[in-house]
file final.txt (compact mmCIF, C-alpha atoms)
# COMPACT_ATOMS: atom_id res chain seq x y z
CA MET A 758 -93.04 -39.21 -39.90
CA LEU A 759 -90.42 -37.15 -38.04
CA ILE A 760 -91.80 -33.94 -39.51
CA LEU A 761 -95.30 -34.81 -38.26
CA VAL A 762 -93.99 -35.52 -34.75
CA ALA A 763 -91.97 -32.27 -34.73
CA HIS A 764 -95.02 -30.37 -36.00
CA PHE A 765 -97.13 -31.86 -33.19
CA VAL A 766 -94.59 -30.97 -30.48
CA VAL A 767 -94.16 -27.38 -31.68
CA GLY A 768 -97.91 -26.89 -32.16
CA PHE A 769 -98.67 -28.33 -28.74
CA ALA A 770 -96.06 -26.06 -27.11
CA ILE A 771 -97.56 -22.98 -28.80
CA LEU A 772 -101.07 -24.00 -27.76
CA ALA A 773 -99.94 -24.55 -24.16
CA VAL A 774 -98.33 -21.08 -24.03
CA ILE A 775 -101.52 -19.49 -25.37
CA GLU A 776 -103.88 -21.43 -23.08
CA MET A 777 -101.83 -20.84 -19.93
CA ARG A 778 -101.57 -17.14 -20.83
CA LEU A 779 -97.83 -17.13 -20.31
CA CYS A 780 -97.41 -14.28 -22.78
CA LEU A 781 -99.84 -12.12 -20.79
CA SER A 782 -97.99 -12.73 -17.54
CA CYS A 783 -94.79 -11.44 -19.14
CA SER A 784 -96.53 -8.15 -19.92
CA LYS A 785 -96.95 -7.52 -16.17
CA TRP A 786 -93.21 -7.08 -15.79
CA SER A 787 -91.86 -3.61 -16.38
CA CYS A 788 -88.42 -2.08 -16.22
CA LYS A 789 -89.92 1.31 -15.38
CA LYS A 790 -91.77 2.28 -12.21
CA ILE A 791 -95.47 3.10 -12.22
CA PRO A 792 -95.89 6.81 -11.38
CA MET A 793 -97.26 7.82 -8.00
CA SER A 794 -100.92 8.76 -7.64
CA LYS A 795 -101.76 12.35 -8.38
CA THR A 796 -103.22 14.58 -5.70
CA GLU A 797 -106.78 15.92 -5.89
CA GLU A 798 -105.46 19.34 -6.90
CA GLU A 799 -103.48 17.87 -9.82
CA LEU A 800 -106.52 15.95 -11.08
CA ASN A 801 -108.83 19.03 -11.16
CA LEU A 802 -111.81 17.08 -9.84
CA ASP A 803 -115.36 18.44 -9.95
CA ASP A 804 -117.18 19.22 -6.69
CA ASP A 805 -119.63 16.31 -7.19
CA VAL A 806 -116.73 13.92 -7.69
CA LEU A 807 -115.00 15.14 -4.53
CA HIS A 808 -118.26 14.80 -2.56
CA GLU A 809 -118.72 11.17 -3.72
CA LYS A 810 -115.09 10.36 -2.93
CA ASP A 811 -115.43 11.81 0.58
CA ARG A 812 -118.71 9.92 1.08
CA CYS A 813 -117.12 6.60 0.08
CA GLU A 814 -114.00 7.14 2.18
CA GLY A 815 -116.11 8.07 5.22
CA GLN A 816 -117.76 4.64 5.35
CA THR A 817 -116.34 1.99 7.63
CA PHE A 818 -117.20 -1.66 8.14
CA ASP A 819 -116.56 -3.40 11.44
CA LEU A 820 -115.67 -7.06 10.82
CA ASP A 821 -116.37 -8.07 14.42
CA THR A 822 -119.93 -6.76 14.64
CA ARG A 823 -120.65 -6.90 10.87
CA GLU A 824 -122.05 -3.38 11.00
CA SER A 825 -121.33 -0.54 8.60
CA HIS A 826 -121.02 3.05 9.73
CA GLY A 827 -122.10 5.75 7.28
CA ALA A 828 -124.05 5.21 4.05
CA LYS A 829 -125.00 1.61 3.33
CA ASP A 830 -123.63 0.79 -0.11
CA VAL A 831 -123.85 -2.70 -1.53
CA ILE A 832 -120.82 -2.03 -3.73
CA ARG A 833 -118.16 0.44 -2.74
CA VAL A 834 -115.04 1.28 -4.75
CA THR A 835 -112.44 3.59 -3.24
CA ASN A 836 -109.41 4.96 -5.10
CA LEU A 837 -109.41 2.37 -7.89
CA ARG A 838 -106.27 2.62 -10.00
CA LYS A 839 -105.14 0.57 -13.00
CA ALA A 840 -101.85 0.91 -14.87
CA TYR A 841 -100.91 -1.12 -17.94
CA THR A 842 -97.24 -1.98 -18.15
CA THR A 843 -94.96 -3.31 -20.85
CA LEU A 844 -91.48 -4.73 -20.62
CA LEU A 845 -89.76 -1.73 -22.22
CA GLY A 846 -92.39 0.98 -22.62
CA ASP A 847 -93.69 3.54 -20.20
CA PRO A 848 -96.54 2.45 -17.91
CA PHE A 849 -99.93 3.79 -18.99
CA LEU A 850 -102.43 4.87 -16.33
CA ALA A 851 -105.87 3.87 -17.59
CA VAL A 852 -107.83 4.60 -14.41
CA GLU A 853 -106.81 7.04 -11.68
CA GLN A 854 -108.49 7.29 -8.26
CA ILE A 855 -112.09 6.35 -9.05
CA SER A 856 -114.38 6.20 -6.01
CA PHE A 857 -118.10 5.46 -5.98
CA GLY A 858 -120.76 3.64 -4.01
CA ILE A 859 -123.84 1.81 -5.27
CA ASP A 860 -126.83 1.18 -3.00
CA TYR A 861 -129.22 -1.74 -3.34
CA GLY A 862 -131.68 -1.24 -6.20
CA GLU A 863 -129.79 1.61 -7.86
CA CYS A 864 -129.23 1.72 -11.60
CA PHE A 865 -125.60 2.64 -12.21
CA ALA A 866 -123.66 3.73 -15.29
CA LEU A 867 -120.28 5.28 -15.92
CA LEU A 868 -120.29 8.18 -18.36
CA GLY A 869 -117.26 9.59 -20.10
CA VAL A 870 -115.48 10.24 -23.36
CA ASN A 871 -113.73 7.51 -25.36
CA GLY A 872 -110.63 6.31 -23.54
CA ALA A 873 -111.76 7.54 -20.12
CA GLY A 874 -111.42 4.07 -18.52
CA LYS A 875 -115.04 2.94 -18.27
CA SER A 876 -114.45 -0.55 -19.69
CA THR A 877 -111.24 -0.91 -17.69
CA THR A 878 -113.11 -0.04 -14.48
CA PHE A 879 -115.78 -2.68 -15.08
CA GLY A 880 -113.09 -5.14 -16.15
CA CYS A 881 -111.32 -4.61 -12.82
CA LEU A 882 -114.56 -4.99 -10.85
CA THR A 883 -115.54 -8.24 -12.59
CA GLY A 884 -112.04 -9.73 -12.42
CA ASP A 885 -111.42 -9.78 -16.16
CA ILE A 886 -108.39 -7.51 -15.78
call {"tool": "encode", "arguments": {"input": "final.txt", "output": "C-alpha cells"}}
result
Amino acid sequence: MLILVAHFVVGFAILAVIEMRLCLSCSKWSCKKIPMSKTEEELNLDDDVLHEKDRCEGQTFDLDTRESHGAKDVIRVTNLRKAYTTLLGDPFLAVEQISFGIDYGECFALLGVNGAGKSTTFGCLTGDI
C-alpha cells in the first residue's frame, strides 16, 4: 500500500511539472548574454529586403486619432528577433531583424532554405513561441 501511495505522489509531481511547463521555463534562463543585433551591412541584405524594411519602419499609427500614416498594412512586423537560450550553452539566434507588412486580402508566404526561421517566425506571430 505504501508503494502505491509513493508511486501516486511521484507520478502526480512529474505530471504537474510537465503540465505547468516548469521545465520549459528553466530553459529561458541563460548564463551567457544574447548577442547584440547585427547592422544592415553585417547582414548583407538584398535591396528588396531593405526596401520592405524601410517601408515598414516608415509607417506610424496615432493612438489618439486612430489613423495610420504611410502604407495601410493589416499586419506589420518590424525587426522581429528570436534567440533560443539554454542554461549553459551559447544562445542561438533563430530569427534576426525580419520586417514585413501584409495588406488586407494579400496572400503571404515566407520562402527560405531549411533552418532559415520560417516556422519560428510564424510561431512568434501566433504566440506559440
call {"tool": "residues_around", "arguments": {"input": "final.txt", "residues": "Phe857 of chain A", "least_positions_apart": "4", "cutoff": "12 Å", "atoms": "only C-alpha atoms", "output": "PDB file with C-alpha atoms, keeping the file's coordinate frame"}}
result
ATOM      1  CA  ASP A 805    -119.630  16.310  -7.190  1.00  0.00           C
ATOM      2  CA  VAL A 806    -116.730  13.920  -7.690  1.00  0.00           C
ATOM      3  CA  LEU A 807    -115.000  15.140  -4.530  1.00  0.00           C
ATOM      4  CA  HIS A 808    -118.260  14.800  -2.560  1.00  0.00           C
ATOM      5  CA  GLU A 809    -118.720  11.170  -3.720  1.00  0.00           C
ATOM      6  CA  LYS A 810    -115.090  10.360  -2.930  1.00  0.00           C
ATOM      7  CA  ASP A 811    -115.430  11.810   0.580  1.00  0.00           C
ATOM      8  CA  ARG A 812    -118.710   9.920   1.080  1.00  0.00           C
ATOM      9  CA  CYS A 813    -117.120   6.600   0.080  1.00  0.00           C
ATOM     10  CA  GLU A 814    -114.000   7.140   2.180  1.00  0.00           C
ATOM     11  CA  GLY A 815    -116.110   8.070   5.220  1.00  0.00           C
ATOM     12  CA  GLN A 816    -117.760   4.640   5.350  1.00  0.00           C
ATOM     13  CA  ALA A 828    -124.050   5.210   4.050  1.00  0.00           C
ATOM     14  CA  ASP A 830    -123.630   0.790  -0.110  1.00  0.00           C
ATOM     15  CA  VAL A 831    -123.850  -2.700  -1.530  1.00  0.00           C
ATOM     16  CA  ILE A 832    -120.820  -2.030  -3.730  1.00  0.00           C
ATOM     17  CA  ARG A 833    -118.160   0.440  -2.740  1.00  0.00           C
ATOM     18  CA  VAL A 834    -115.040   1.280  -4.750  1.00  0.00           C
ATOM     19  CA  THR A 835    -112.440   3.590  -3.240  1.00  0.00           C
ATOM     20  CA  ASN A 836    -109.410   4.960  -5.100  1.00  0.00           C
ATOM     21  CA  LEU A 837    -109.410   2.370  -7.890  1.00  0.00           C
ATOM     22  CA  PHE A 865    -125.600   2.640 -12.210  1.00  0.00           C
ATOM     23  CA  ALA A 866    -123.660   3.730 -15.290  1.00  0.00           C
ATOM     24  CA  LEU A 867    -120.280   5.280 -15.920  1.00  0.00           C
ATOM     25  CA  THR A 878    -113.110  -0.040 -14.480  1.00  0.00           C
TER      26      THR A 878
END
call {"tool": "atom_distance", "arguments": {"input": "final.txt", "atom1": "atom CA of Gly872 of chain A", "atom2": "atom CA of Phe849 of chain A"}}
result
11.9 Å
call {"tool": "closest_residue", "arguments": {"input": "final.txt", "among": "A:Asp804, A:Ala773, A:Asn871, A:Cys881", "to": "Arg838 of chain A", "atoms": "all atoms listed in the file"}}
result
A:Cys881
call {"tool": "atom_distance", "arguments": {"input": "final.txt", "atom1": "atom CA of Ser876 of chain A", "atom2": "atom CA of Gln854 of chain A"}}
result
15.1 Å
call {"tool": "atom_distance", "arguments": {"input": "final.txt", "atom1": "atom CA of Glu853 of chain A", "atom2": "atom CA of Tyr841 of chain A"}}
result
11.9 Å
call {"tool": "closest_residue", "arguments": {"input": "final.txt", "among": "A:Thr883, A:Val870, A:Ile855, A:Lys875", "to": "Leu802 of chain A", "atoms": "all atoms listed in the file"}}
result
A:Ile855
